[in-house]
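Here is protein.txt, consisting of compact mmCIF, C-alpha atoms and all ligand atoms:
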# COMPACT_ATOMS: atom_id res chain seq x y z
CA MET A 238 0.00 0.00 0.00
CA PHE A 239 1.46 3.31 -1.08
CA LYS A 240 1.06 6.14 1.39
CA PHE A 241 1.41 9.84 1.10
CA HIS A 242 3.45 11.33 3.91
CA ALA A 243 1.44 9.55 6.57
CA ARG A 244 3.35 8.73 9.70
CA THR A 245 1.97 5.36 10.65
CA LEU A 246 0.11 2.52 9.12
CA PRO A 247 -3.31 1.80 10.60
CA ALA A 248 -2.83 -0.95 13.17
CA GLY A 249 -5.20 -3.30 11.30
CA ALA A 250 -3.28 -2.93 8.07
CA LEU A 251 -0.03 -3.64 9.81
CA ALA A 252 -1.41 -6.75 11.41
CA ALA A 253 -2.83 -7.95 8.09
CA ALA A 254 0.42 -7.29 6.31
CA ALA A 255 2.38 -9.12 8.96
CA LEU A 256 0.03 -12.09 8.78
CA SER A 257 0.13 -12.37 5.00
CA LEU A 258 3.89 -12.22 5.09
CA ALA A 259 4.33 -14.90 7.66
CA PHE A 260 5.15 -17.48 4.98
CA THR A 261 6.51 -15.45 2.11
CA GLY A 262 8.13 -12.21 3.11
CA PRO A 263 10.34 -10.62 5.69
CA ALA A 264 9.65 -11.26 9.35
CA ARG A 265 8.47 -7.69 9.82
CA ALA A 266 7.02 -5.31 7.27
CA VAL A 267 8.94 -2.08 7.03
CA GLU A 268 7.98 1.36 5.79
CA VAL A 269 10.72 3.05 3.81
CA SER A 270 10.74 6.79 3.16
CA PHE A 271 11.63 8.07 -0.26
CA ALA A 272 12.30 11.79 -0.73
CA ALA A 273 11.61 13.07 -4.24
CA GLY A 274 10.77 16.31 -6.03
CA VAL A 275 7.26 16.27 -7.38
CA VAL A 276 6.92 17.49 -10.96
CA GLY A 277 4.00 16.82 -13.31
CA SER A 278 2.17 13.60 -12.39
CA PHE A 279 5.17 12.04 -10.59
CA PHE A 280 3.24 11.46 -7.40
CA GLU A 281 0.63 9.17 -8.98
CA ASP A 282 3.16 7.61 -11.34
CA PHE A 283 5.50 6.72 -8.50
CA ALA A 284 2.68 5.03 -6.59
CA ALA A 285 2.00 2.80 -9.60
CA VAL A 286 5.68 2.04 -10.10
CA VAL A 287 6.34 0.92 -6.51
CA LYS A 288 3.16 -1.14 -6.13
CA PRO A 289 4.58 -4.47 -7.40
CA TRP A 290 7.55 -4.12 -5.03
CA GLU A 291 5.23 -3.41 -2.12
CA GLU A 292 3.08 -6.41 -2.98
CA LYS A 293 6.04 -8.71 -3.38
CA THR A 294 7.90 -7.70 -0.23
CA GLY A 295 5.08 -6.64 2.06
CA ASN A 296 6.96 -3.44 2.78
CA THR A 297 5.49 -0.02 2.07
CA VAL A 298 6.89 3.15 0.59
CA LYS A 299 6.18 6.62 1.92
CA LEU A 300 6.87 9.38 -0.61
CA VAL A 301 8.17 12.50 1.06
CA PRO A 302 7.32 15.16 -1.53
CA MET A 303 9.91 17.85 -2.08
CA PRO A 304 9.80 21.13 -4.04
CA ALA A 305 9.97 20.80 -7.82
CA SER A 306 13.23 22.76 -8.10
CA THR A 307 16.24 20.48 -8.11
CA SER A 308 18.27 23.31 -6.54
CA ASP A 309 15.88 23.51 -3.57
CA GLN A 310 15.97 19.73 -3.18
CA PHE A 311 19.74 19.71 -3.18
CA ALA A 312 19.92 22.36 -0.47
CA GLN A 313 17.50 20.41 1.74
CA TYR A 314 19.14 17.02 1.18
CA ARG A 315 22.54 18.42 1.95
CA LEU A 316 21.29 19.68 5.31
CA TRP A 317 19.53 16.42 6.15
CA LEU A 318 22.50 14.31 5.20
CA ALA A 319 24.95 16.52 7.06
CA ALA A 320 22.80 16.06 10.15
CA GLY A 321 22.76 12.25 9.69
CA ASN A 322 18.98 12.21 9.26
CA SER A 323 17.66 8.64 9.53
CA ASP A 324 14.04 9.52 8.65
CA ILE A 325 14.75 9.35 4.93
CA ASP A 326 15.87 5.98 3.59
CA LEU A 327 16.14 6.81 -0.09
CA TYR A 328 16.68 9.98 -2.06
CA MET A 329 15.82 10.62 -5.67
CA THR A 330 18.98 12.26 -6.93
CA ASP A 331 19.74 14.45 -9.92
CA VAL A 332 22.38 13.17 -12.35
CA ILE A 333 24.73 16.03 -11.34
CA TRP A 334 24.83 15.30 -7.62
CA ALA A 335 26.83 12.07 -7.42
CA PRO A 336 30.27 13.56 -6.73
CA GLN A 337 28.93 15.98 -4.12
CA LEU A 338 26.82 13.65 -2.01
CA ALA A 339 28.79 10.45 -2.61
CA GLU A 340 30.05 9.99 0.94
CA GLN A 341 26.54 10.05 2.39
CA PHE A 342 25.22 7.22 0.23
CA VAL A 343 25.63 3.46 0.28
CA ASP A 344 27.80 1.87 -2.45
CA LEU A 345 25.31 -0.11 -4.55
CA ARG A 346 27.73 -1.78 -6.95
CA GLU A 347 27.87 -5.16 -5.28
CA SER A 348 24.14 -5.37 -4.62
CA ALA A 349 23.37 -4.47 -8.23
CA GLY A 350 25.97 -6.85 -9.70
CA ALA A 351 25.20 -8.06 -13.22
CA ALA A 352 21.93 -6.05 -13.33
CA LEU A 353 24.07 -3.03 -14.19
CA ASP A 354 24.85 -4.50 -17.60
CA ALA A 355 21.29 -3.76 -18.74
CA HIS A 356 21.89 0.02 -18.52
CA PHE A 357 23.75 2.50 -20.69
CA PRO A 358 27.30 2.38 -19.34
CA SER A 359 27.56 6.20 -19.43
CA VAL A 360 24.69 6.50 -16.94
CA ILE A 361 26.28 4.05 -14.52
CA GLU A 362 29.55 5.92 -14.94
CA SER A 363 27.84 9.24 -14.13
CA GLN A 364 26.70 7.81 -10.78
CA THR A 365 30.12 6.47 -9.86
CA ALA A 366 32.33 8.57 -7.60
CA ASP A 367 35.75 7.33 -6.50
CA GLY A 368 34.83 3.86 -7.67
CA ARG A 369 31.62 3.73 -5.58
CA LEU A 370 28.23 3.44 -7.25
CA VAL A 371 26.28 6.00 -5.26
CA ALA A 372 22.91 5.77 -7.03
CA LEU A 373 21.00 3.54 -9.45
CA PRO A 374 19.25 5.08 -12.45
CA LEU A 375 15.51 5.66 -12.50
CA TYR A 376 15.34 7.53 -15.82
CA THR A 377 17.45 9.70 -18.05
CA ASP A 378 16.47 13.05 -19.55
CA ALA A 379 17.24 15.04 -22.68
CA PRO A 380 15.14 18.04 -23.69
CA ALA A 381 13.18 18.74 -26.85
CA LEU A 382 11.85 21.66 -28.80
CA TYR A 383 8.09 21.29 -28.57
CA TYR A 384 6.21 22.91 -31.44
CA ARG A 385 2.61 23.35 -32.50
CA LYS A 386 2.12 21.53 -35.80
CA ASP A 387 -1.20 23.26 -36.50
CA LEU A 388 0.23 26.74 -36.04
CA LEU A 389 3.29 26.10 -38.20
CA GLU A 390 0.90 24.98 -40.91
CA LYS A 391 -1.41 27.94 -40.41
CA TYR A 392 1.47 30.40 -40.86
CA GLY A 393 3.26 28.45 -43.60
CA ALA A 394 6.36 28.04 -41.42
CA LYS A 395 8.67 25.07 -40.91
CA VAL A 396 10.21 23.66 -37.77
CA PRO A 397 13.04 26.09 -36.93
CA GLU A 398 16.53 24.65 -37.20
CA THR A 399 18.43 27.58 -35.75
CA TRP A 400 17.69 29.76 -32.74
CA GLN A 401 17.58 32.76 -35.08
CA GLU A 402 14.87 31.04 -37.17
CA LEU A 403 13.00 30.16 -33.99
CA THR A 404 13.08 33.83 -32.96
CA GLU A 405 11.51 34.88 -36.28
CA THR A 406 8.91 32.11 -36.48
CA ALA A 407 7.87 32.59 -32.85
CA GLN A 408 7.36 36.31 -33.53
CA LEU A 409 5.37 35.61 -36.71
CA ILE A 410 2.99 33.22 -34.97
CA GLN A 411 2.69 35.38 -31.87
CA ASP A 412 1.81 38.46 -33.95
CA GLY A 413 -0.78 36.50 -35.91
CA GLU A 414 -2.43 34.94 -32.87
CA ARG A 415 -2.49 38.23 -30.99
CA ALA A 416 -4.09 39.92 -34.00
CA GLU A 417 -6.85 37.33 -33.71
CA GLY A 418 -7.49 38.38 -30.13
CA LYS A 419 -5.36 35.86 -28.21
CA SER A 420 -3.72 38.44 -26.01
CA ASP A 421 -2.08 35.82 -23.74
CA PHE A 422 -0.34 34.05 -26.59
CA TRP A 423 3.48 33.82 -26.61
CA GLY A 424 6.02 32.60 -29.12
CA PHE A 425 8.41 30.64 -26.91
CA VAL A 426 8.44 29.48 -23.29
CA TRP A 427 11.40 27.99 -21.42
CA GLN A 428 13.08 27.94 -17.97
CA GLY A 429 14.50 31.35 -17.00
CA ASN A 430 14.30 31.20 -13.19
CA ALA A 431 17.55 31.53 -11.23
CA TYR A 432 18.07 27.78 -10.55
CA GLU A 433 19.64 24.65 -12.01
CA GLY A 434 17.12 24.56 -14.86
CA LEU A 435 18.52 27.82 -16.24
CA THR A 436 21.99 26.29 -16.18
CA CYS A 437 20.58 23.55 -18.45
CA ASP A 438 18.88 25.96 -20.88
CA ALA A 439 21.84 28.34 -21.06
CA LEU A 440 24.39 25.54 -21.51
CA GLU A 441 22.34 24.48 -24.54
CA TRP A 442 22.36 27.99 -26.04
CA ILE A 443 26.11 28.39 -25.51
CA LYS A 444 27.11 24.93 -26.66
CA SER A 445 24.89 25.18 -29.74
CA PHE A 446 26.69 28.40 -30.76
CA GLY A 447 30.06 26.65 -30.39
CA GLY A 448 30.82 28.45 -27.10
CA GLY A 449 31.86 25.39 -25.06
CA GLN A 450 30.53 23.81 -21.87
CA ILE A 451 31.16 26.50 -19.18
CA VAL A 452 33.99 24.41 -17.72
CA GLU A 453 35.54 21.88 -20.11
CA PRO A 454 36.09 18.21 -19.22
CA ASP A 455 39.78 19.01 -18.48
CA GLY A 456 38.76 21.67 -15.93
CA THR A 457 39.46 24.76 -18.08
CA ILE A 458 37.04 27.63 -17.50
CA SER A 459 35.81 28.48 -20.99
CA VAL A 460 32.58 30.41 -20.46
CA ASN A 461 33.88 33.91 -21.24
CA ASN A 462 33.96 33.82 -25.03
CA GLU A 463 32.32 35.60 -27.96
CA LYS A 464 30.07 32.72 -28.94
CA ALA A 465 28.72 32.43 -25.41
CA VAL A 466 28.08 36.19 -25.36
CA GLU A 467 26.21 35.97 -28.66
CA ALA A 468 24.09 33.08 -27.38
CA ILE A 469 23.13 34.75 -24.10
CA ASP A 470 22.44 38.08 -25.80
CA LEU A 471 20.03 36.37 -28.19
CA ALA A 472 18.22 34.70 -25.27
CA ALA A 473 18.00 38.04 -23.44
CA SER A 474 16.33 39.55 -26.52
CA TRP A 475 13.47 37.03 -26.14
CA VAL A 476 12.39 38.27 -22.70
CA GLY A 477 9.34 40.49 -23.18
CA THR A 478 9.30 39.98 -26.98
CA ILE A 479 8.59 36.33 -27.93
CA SER A 480 8.68 35.16 -24.30
CA PRO A 481 6.66 36.59 -21.41
CA PRO A 482 8.54 39.00 -19.09
CA GLY A 483 7.72 36.48 -16.35
CA VAL A 484 9.78 33.78 -18.10
CA ILE A 485 12.70 34.77 -15.90
CA ALA A 486 10.74 33.26 -13.00
CA TYR A 487 9.68 30.10 -14.88
CA GLN A 488 10.73 26.57 -14.03
CA GLU A 489 9.62 23.51 -16.04
CA GLU A 490 6.05 23.51 -14.77
CA GLU A 491 5.37 27.20 -15.41
CA ALA A 492 6.56 26.82 -19.00
CA ARG A 493 4.39 23.72 -19.40
CA GLY A 494 1.41 25.57 -17.92
CA VAL A 495 1.49 28.22 -20.68
CA TRP A 496 2.24 25.67 -23.38
CA GLN A 497 -0.33 23.08 -22.42
CA THR A 498 -3.18 25.59 -22.23
CA GLY A 499 -2.44 26.36 -25.88
CA ASN A 500 -0.80 29.72 -25.25
CA ALA A 501 2.62 29.17 -26.81
CA ALA A 502 3.95 28.22 -30.24
CA PHE A 503 7.19 26.67 -28.93
CA MET A 504 8.49 25.30 -25.65
CA ARG A 505 11.82 23.93 -24.43
CA ASN A 506 11.17 21.13 -21.99
CA TRP A 507 12.00 17.55 -20.98
CA PRO A 508 10.13 14.46 -22.28
CA TYR A 509 7.72 14.31 -19.31
CA ALA A 510 5.85 17.21 -20.95
CA TYR A 511 5.10 15.00 -23.95
CA ALA A 512 3.11 12.53 -21.89
CA LEU A 513 1.13 15.24 -20.09
CA GLY A 514 0.54 17.23 -23.31
CA SER A 515 -0.87 14.17 -25.04
CA ALA A 516 -3.17 13.11 -22.17
CA GLU A 517 -6.91 12.82 -22.88
CA ASP A 518 -7.77 16.10 -21.15
CA SER A 519 -4.95 18.14 -22.70
CA PRO A 520 -6.14 21.04 -24.89
CA ILE A 521 -3.16 20.52 -27.23
CA LYS A 522 -3.48 16.74 -27.57
CA GLY A 523 -2.59 15.78 -31.16
CA LEU A 524 -1.56 19.32 -32.07
CA PHE A 525 2.13 19.20 -31.23
CA ASP A 526 5.31 17.35 -31.95
CA THR A 527 8.96 17.51 -30.87
CA ALA A 528 12.26 18.20 -32.61
CA PRO A 529 15.85 18.46 -31.41
CA LEU A 530 16.68 21.92 -30.05
CA PRO A 531 17.82 24.44 -32.70
CA ARG A 532 21.42 25.09 -33.69
CA GLY A 533 23.21 28.33 -32.85
CA GLY A 534 23.31 29.65 -36.42
CA GLU A 535 24.23 27.83 -39.61
CA ASP A 536 27.62 26.74 -38.24
CA GLY A 537 26.28 25.72 -34.86
CA SER A 538 25.02 22.31 -33.72
CA SER A 539 22.02 21.21 -31.70
CA ALA A 540 22.86 20.72 -28.02
CA ALA A 541 20.74 19.03 -25.36
CA THR A 542 21.78 19.09 -21.72
CA LEU A 543 21.97 15.65 -20.15
CA GLY A 544 19.54 15.31 -17.28
CA GLY A 545 18.18 12.38 -15.35
CA TRP A 546 17.22 11.01 -11.97
CA ASN A 547 18.55 8.21 -9.81
CA VAL A 548 17.86 6.48 -6.54
CA ALA A 549 20.37 6.62 -3.69
CA VAL A 550 20.28 4.84 -0.34
CA SER A 551 21.17 6.92 2.69
CA LYS A 552 24.05 5.78 4.83
CA TYR A 553 21.93 6.81 7.82
CA SER A 554 18.93 4.63 6.87
CA GLU A 555 17.84 2.18 9.54
CA HIS A 556 16.27 0.00 6.84
CA GLN A 557 19.16 -0.34 4.47
CA ASP A 558 18.35 -3.84 3.19
CA GLU A 559 14.80 -2.86 2.27
CA ALA A 560 15.99 0.46 0.81
CA ILE A 561 18.55 -1.31 -1.37
CA SER A 562 15.92 -3.79 -2.49
CA LEU A 563 13.66 -0.88 -3.51
CA ALA A 564 16.49 0.92 -5.33
CA LEU A 565 17.24 -2.26 -7.28
CA TYR A 566 13.59 -2.65 -8.17
CA LEU A 567 13.20 0.98 -9.27
CA SER A 568 16.10 0.66 -11.69
CA SER A 569 14.80 -2.61 -13.16
CA ALA A 570 13.33 -2.97 -16.64
CA GLU A 571 9.90 -3.66 -15.10
CA ALA A 572 9.81 -0.43 -13.09
CA GLN A 573 11.34 1.70 -15.83
CA LYS A 574 8.80 0.41 -18.32
CA THR A 575 5.90 1.35 -16.05
CA LEU A 576 7.40 4.80 -15.58
CA ALA A 577 7.96 5.24 -19.32
CA LEU A 578 4.38 4.19 -20.13
CA ARG A 579 2.90 6.47 -17.49
CA ALA A 580 5.17 9.50 -17.43
CA GLY A 581 7.03 9.37 -20.74
CA ASN A 582 10.41 9.34 -18.97
CA LEU A 583 13.38 7.99 -20.93
CA PRO A 584 14.56 4.59 -19.65
CA THR A 585 18.20 3.81 -18.93
CA VAL A 586 17.62 0.10 -19.60
CA ILE A 587 18.82 -0.19 -23.20
CA SER A 588 16.37 -2.90 -24.32
CA LEU A 589 13.35 -0.70 -23.50
CA TYR A 590 14.17 1.45 -26.54
CA ASP A 591 13.02 -1.54 -28.64
CA ASP A 592 9.90 -2.15 -26.57
CA PRO A 593 6.82 -2.05 -28.86
CA ASP A 594 4.42 -0.88 -26.10
CA ILE A 595 6.61 2.11 -25.29
CA ALA A 596 7.16 3.02 -28.95
CA ALA A 597 3.43 2.83 -29.64
CA LYS A 598 2.45 5.03 -26.71
CA TYR A 599 5.28 7.58 -26.72
CA PRO A 600 7.20 7.64 -30.00
CA ILE A 601 9.40 10.37 -28.53
CA ILE A 602 11.11 7.72 -26.37
CA PRO A 603 12.77 5.63 -29.11
CA ALA A 604 13.24 8.81 -31.15
CA TRP A 605 15.12 10.44 -28.25
CA LYS A 606 17.67 7.67 -27.75
CA ASP A 607 20.04 9.43 -30.09
CA VAL A 608 19.48 12.86 -28.52
CA PHE A 609 20.20 11.37 -25.11
CA MET A 610 23.33 9.59 -26.36
CA HIS A 611 24.74 12.87 -27.69
CA ALA A 612 23.58 15.01 -24.79
CA VAL A 613 26.04 17.45 -23.20
CA PRO A 614 26.88 16.83 -19.55
CA ARG A 615 26.99 19.76 -17.17
CA PRO A 616 30.50 20.20 -15.71
CA SER A 617 29.74 18.26 -12.53
CA ALA A 618 32.52 15.73 -13.11
CA PRO A 619 35.42 18.21 -13.63
CA THR A 620 34.30 20.64 -10.90
CA LYS A 621 33.65 17.83 -8.40
CA LYS A 622 32.43 19.05 -5.01
CA LYS A 623 32.24 22.63 -6.29
CA TYR A 624 29.72 21.96 -9.04
CA ASN A 625 26.76 23.45 -7.23
CA GLU A 626 28.61 26.70 -6.66
CA VAL A 627 29.80 26.79 -10.27
CA SER A 628 26.27 26.27 -11.46
CA ALA A 629 24.83 28.89 -9.09
CA LYS A 630 27.35 31.47 -10.28
CA PHE A 631 26.63 30.60 -13.90
CA TRP A 632 22.85 30.75 -13.61
CA SER A 633 23.10 34.05 -11.70
CA ALA A 634 25.25 35.64 -14.43
CA VAL A 635 22.78 34.48 -17.07
CA HIS A 636 19.77 35.49 -15.00
CA ASP A 637 21.21 38.97 -14.47
CA THR A 638 21.65 39.33 -18.22
CA LEU A 639 18.12 38.11 -18.95
CA GLY A 640 16.76 40.62 -16.45
CA GLY A 641 18.66 43.52 -18.07
CA ASN A 642 21.15 43.75 -15.23
CA GLY A 643 24.38 44.05 -17.23
CA THR A 644 25.23 42.77 -20.69
CA ALA A 645 26.28 39.21 -21.45
CA ALA A 646 29.83 40.42 -22.16
CA GLU A 647 30.07 42.14 -18.76
CA ASN A 648 28.45 39.34 -16.81
CA LEU A 649 30.47 36.54 -18.39
CA GLU A 650 33.69 38.44 -17.78
CA LEU A 651 32.82 38.79 -14.08
CA LEU A 652 31.76 35.15 -13.98
CA GLU A 653 35.13 34.05 -15.30
CA LEU A 654 36.90 35.95 -12.52
CA ASP A 655 34.60 34.44 -9.93
CA LEU A 656 35.09 30.92 -11.25
CA ASP A 657 38.87 31.42 -11.29
CA ASP A 658 38.70 32.32 -7.59
CA LEU A 659 36.48 29.37 -6.80
CA LYS A 660 38.75 26.98 -8.65
CA GLY A 661 41.95 28.17 -7.00
CA SER A 662 44.82 25.93 -8.01
CA ALA A 663 42.57 22.98 -8.86
CA TRP A 664 38.90 22.04 -8.73
C1 LIG B 701 15.29 17.85 -15.16
C2 LIG B 701 16.59 17.05 -15.37
C3 LIG B 701 17.58 17.36 -14.28
C4 LIG B 701 17.81 18.85 -14.23
C5 LIG B 701 16.50 19.59 -14.00
C6 LIG B 701 16.69 21.10 -14.04
O1 LIG B 701 14.62 17.38 -14.05
O2 LIG B 701 16.33 15.68 -15.40
O3 LIG B 701 18.79 16.68 -14.51
O4 LIG B 701 18.76 19.22 -13.25
O5 LIG B 701 15.57 19.22 -14.98
O6 LIG B 701 15.53 21.76 -13.72

Target format structure tokens, applied to this file:
Amino acid sequence: MFKFHARTLPAGALAAAALSLAFTGPARAVEVSFAAGVVGSFFEDFAAVVKPWEEKTGNTVKLVPMPASTSDQFAQYRLWLAAGNSDIDLYMTDVIWAPQLAEQFVDLRESAGAALDAHFPSVIESQTADGRLVALPLYTDAPALYYRKDLLEKYGAKVPETWQELTETAQLIQDGERAEGKSDFWGFVWQGNAYEGLTCDALEWIKSFGGGQIVEPDGTISVNNEKAVEAIDLAASWVGTISPPGVIAYQEEEARGVWQTGNAAFMRNWPYAYALGSAEDSPIKGLFDTAPLPRGGEDGSSAATLGGWNVAVSKYSEHQDEAISLALYLSSAEAQKTLALRAGNLPTVISLYDDPDIAAKYPIIPAWKDVFMHAVPRPSAPTKKKYNEVSAKFWSAVHDTLGGNGTAAENLELLELDLDDLKGSAW
């Protein structure tokens, strides 16, 4: 039985569970707590995903819902873990966190054993810090350009291949729709809030213009360059023109809110928005499709930031065996398939990309295998324990520029100085 943040099981249920497990399961049913950010329909989807594990083991899972922002989750988890909190048994962890939280999590390599071979090796690698496997993958993430097929047709436009084309097409459609009385209609929505999501969006702009990856895999700070300036300046020009002024406070769900009510021509978002946008009650069901994000000009290349979520077991858990068993289950093909079919999340189990049920329901999943495999990692590996600070400085410099507080050239120059200080002699 899945429970929402309730503290205790009703006594009757406990007794019944204990009785039914007398012959098959553990001596004593345990409730494990799982802390996770709640975005989209994750709450209901998670309940469905864990059900078979609950039924099989007799244990129950309590979801401890956290804010949607990965940056807010990170701040909270860091405090809890530093305090040795034993109330949370498992954490859902962002792909970028492994090196920073590694010491607080149980090494899962031995428990997972040969099961790891089913996953993309790069994902397992991303969750390995100093040889320890600190989390098992739940799903991977790579963003898409969402576009309205009907509106492109209406205005005789094609799917934009460069950010410059996107700027023009978004303006064309926005002008046309406004002229027809849709005063809330916008050309392009994305994630402009000062948080990790903006790091993802802005890395894509910069990389697609040929301006590098903020900090390169060898640790070099590369962000202060002309291509990066051009990319951020273009994005700043969208605020208040093709994108609402409020976009600089948007996270994923705010962007999806505008898009899914039919009030935007384009959106940058992760695959979960595909499932929700094509649900029965969605006003844009059947009207949209996805494409890789645009290139930064004719010489640029499409860049998608690598995202994804994993499951880590706390070193301070008092139910480590059960927590490890749940982590193993959540990373299995069975659980990942349920999640893919419900939430549209990209599996990390390779064989699921050939699964006919998944392909039939969400064609974006097999289509996005290639986007995921070429996705650009954020510099969490080279900057190690300092990644969160690097990212916060980066998103602040970009956010300042988007808000008209300094130019991209000024803000990236200051950022470089700041990052040099933070790096010191080595990351
Ligand atoms: C998605 C990605 C995650 C990223 C976050 C930023 O959830 O999977 O990796 O950090 O978006 O908002």

Item to check | region 582-595 of chain A environment, 8 Å, only C-alpha atoms, sequence neighbours closer than 5 positions dropped, as a list in words | outcome: Ala355, His356, Phe357, Val360, Pro374, Leu375, Tyr376, Thr377, Asp378, Pro508, Tyr509, Ser569, Ala570, Gln573, Lys574, Leu576, Ala577, Pro600, Ile602, Pro603, Trp605 and Lys606 of chain A

For those residues, write C-alpha atoms to a file as a short mmCIF file (atom, residue, chain, number, x, y, z; two decimals), in the coordinates of the input.
data_model
loop_
_atom_site.label_atom_id
_atom_site.label_comp_id
_atom_site.auth_asym_id
_atom_site.auth_seq_id
_atom_site.Cartn_x
_atom_site.Cartn_y
_atom_site.Cartn_z
CA ALA A 355 21.29 -3.76 -18.74
CA HIS A 356 21.89 0.02 -18.52
CA PHE A 357 23.75 2.50 -20.69
CA VAL A 360 24.69 6.50 -16.94
CA PRO A 374 19.25 5.08 -12.45
CA LEU A 375 15.51 5.66 -12.50
CA TYR A 376 15.34 7.53 -15.82
CA THR A 377 17.45 9.70 -18.05
CA ASP A 378 16.47 13.05 -19.55
CA PRO A 508 10.13 14.46 -22.28
CA TYR A 509 7.72 14.31 -19.31
CA SER A 569 14.80 -2.61 -13.16
CA ALA A 570 13.33 -2.97 -16.64
CA GLN A 573 11.34 1.70 -15.83
CA LYS A 574 8.80 0.41 -18.32
CA LEU A 576 7.40 4.80 -15.58
CA ALA A 577 7.96 5.24 -19.32
CA PRO A 600 7.20 7.64 -30.00
CA ILE A 602 11.11 7.72 -26.37
CA PRO A 603 12.77 5.63 -29.11
CA TRP A 605 15.12 10.44 -28.25
CA LYS A 606 17.67 7.67 -27.75
#

Item to check | d(CA of Ala285 (chain A), CA of Ala572 (chain A)) in Å | outcome: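 CA of Ala572 (chain A) lies 9.1 Å from CA of Ala285 (chain A).
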
Next on the checklist: Neighbouring residues of ligand LIG 701 (chain B) are defined here as those with any atom at most 9 Å from a ligand atom, counting all atoms listed in the file; list them as an MDAnalysis selection string.
Outcome noted: chainID A and resid 274 276 305:308 330:333 376:380 428 432:438 488:489 506:507 542:546

Item to check | Pairwise distance for CA of Thr297 (chain A) and CA of Thr575 (chain A), rounded to one decimal in Å | outcome: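 Distance reported for this atom pair: 18.2 Å.
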
Checklist entry - Val635 (chain A): which residues within 9 Å, counting all atoms listed in the file, same-chain residues fewer than 6 positions away excluded, as a VMD selection string? => result chain A and resid 429 431 435 to 436 439 469 473 645 648 to 649

Checklist entry - So which residues touch Gln401 (chain A) within 10 Å, counting only C-alpha atoms, skipping near sequence neighbours fewer than 2 positions away, as a list in words? => result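 After dropping sequence-adjacent residues, the list is Pro397, Glu398, Thr399, Leu403, Thr404, Glu405, Thr406, Ala407, Leu471, Pro531, Arg532, Gly533, Gly534 and Glu535 of chain A.
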
Checklist outcome for this item: Taken to one decimal, the CA of Thr527 (chain A)-CA of Tyr383 (chain A) distance is 4.5 Å

Item to check | Nearby residues (only C-alpha atoms) at most 9 Å from Val495 (chain A), same-chain spacing under 6 positions excluded, as a ChimeraX atom specification | outcome: /A:421-423,426,501

Next on the checklist: List as a PyMOL selection string the protein and nucleic acid residues near Ala273 (chain A), meaning an atom at most 8 Å away when all atoms listed in the file are counted, but skip any in the same chain fewer than 5 places from it.
Outcome noted: chain A and resi 300-303+328-330

Next on the checklist: Restricting the calculation to all atoms listed in the file: of A:Trp400, A:Tyr624, A:Trp632, A:Trp442, which residue gets closest to Lys660 (chain A)?
Outcome noted: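 Closest candidate: A:Tyr624.
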
Distance cut-off 10 Å, centre (2.8, 17.9, -15.1) in file coordinates, counting all atoms listed in the file: which residues qualify? Return them as a CSV table (one decimal) with C-alpha atoms, in the frame of the given file.
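Written output follows (out23.csv):
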chain,number,residue,atom,x,y,z
A,275,VAL,CA,7.3,16.3,-7.4
A,276,VAL,CA,6.9,17.5,-11.0
A,277,GLY,CA,4.0,16.8,-13.3
A,278,SER,CA,2.2,13.6,-12.4
A,279,PHE,CA,5.2,12.0,-10.6
A,489,GLU,CA,9.6,23.5,-16.0
A,490,GLU,CA,6.0,23.5,-14.8
A,491,GLU,CA,5.4,27.2,-15.4
A,493,ARG,CA,4.4,23.7,-19.4
A,494,GLY,CA,1.4,25.6,-17.9
A,497,GLN,CA,-0.3,23.1,-22.4
A,509,TYR,CA,7.7,14.3,-19.3
A,510,ALA,CA,5.8,17.2,-21.0
A,511,TYR,CA,5.1,15.0,-24.0
A,512,ALA,CA,3.1,12.5,-21.9
A,513,LEU,CA,1.1,15.2,-20.1
A,514,GLY,CA,0.5,17.2,-23.3
A,580,ALA,CA,5.2,9.5,-17.4

Checklist entry - Which one is closest to Arg415 (chain A): A:Ile479, A:Ser539, A:Ser628, A:Phe342? Count only C-alpha atoms. => result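 Under the stated criterion, the closest residue is A:Ile479.
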
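If you measure from each of A:Glu268, A:Pro614, A:Ser348, A:Lys386 to Gly295 (chain A) using all atoms listed in the file, the closest one turns out to be A:Glu268.
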
Next on the checklist: Considering only C-alpha atoms, can you say which of A:Gly424, A:Gly477, A:Gly321, A:Gly368 comes closest to Trp496 (chain A)?
Outcome noted: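 That would be A:Gly424, the residue with the smallest distance to Trp496 (chain A).
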
As lines of an AutoDock Vina configuration file, please report the centre and edge lengths, rounded to one decimal in Å, of the axis-aligned box that holds all listed atoms of region 266-281 of chain A with 8 Å of padding on each of the six sides.
center_x = 6.5
center_y = 6.1
center_z = -3.0
size_x = 27.7
size_y = 38.8
size_z = 36.6

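With all atoms listed in the file as the atoms that count, the residue of A:Glu340, A:Asp309, A:Glu555, A:Asp470 with the shortest distance to Leu639 (chain A) is A:Asp470.
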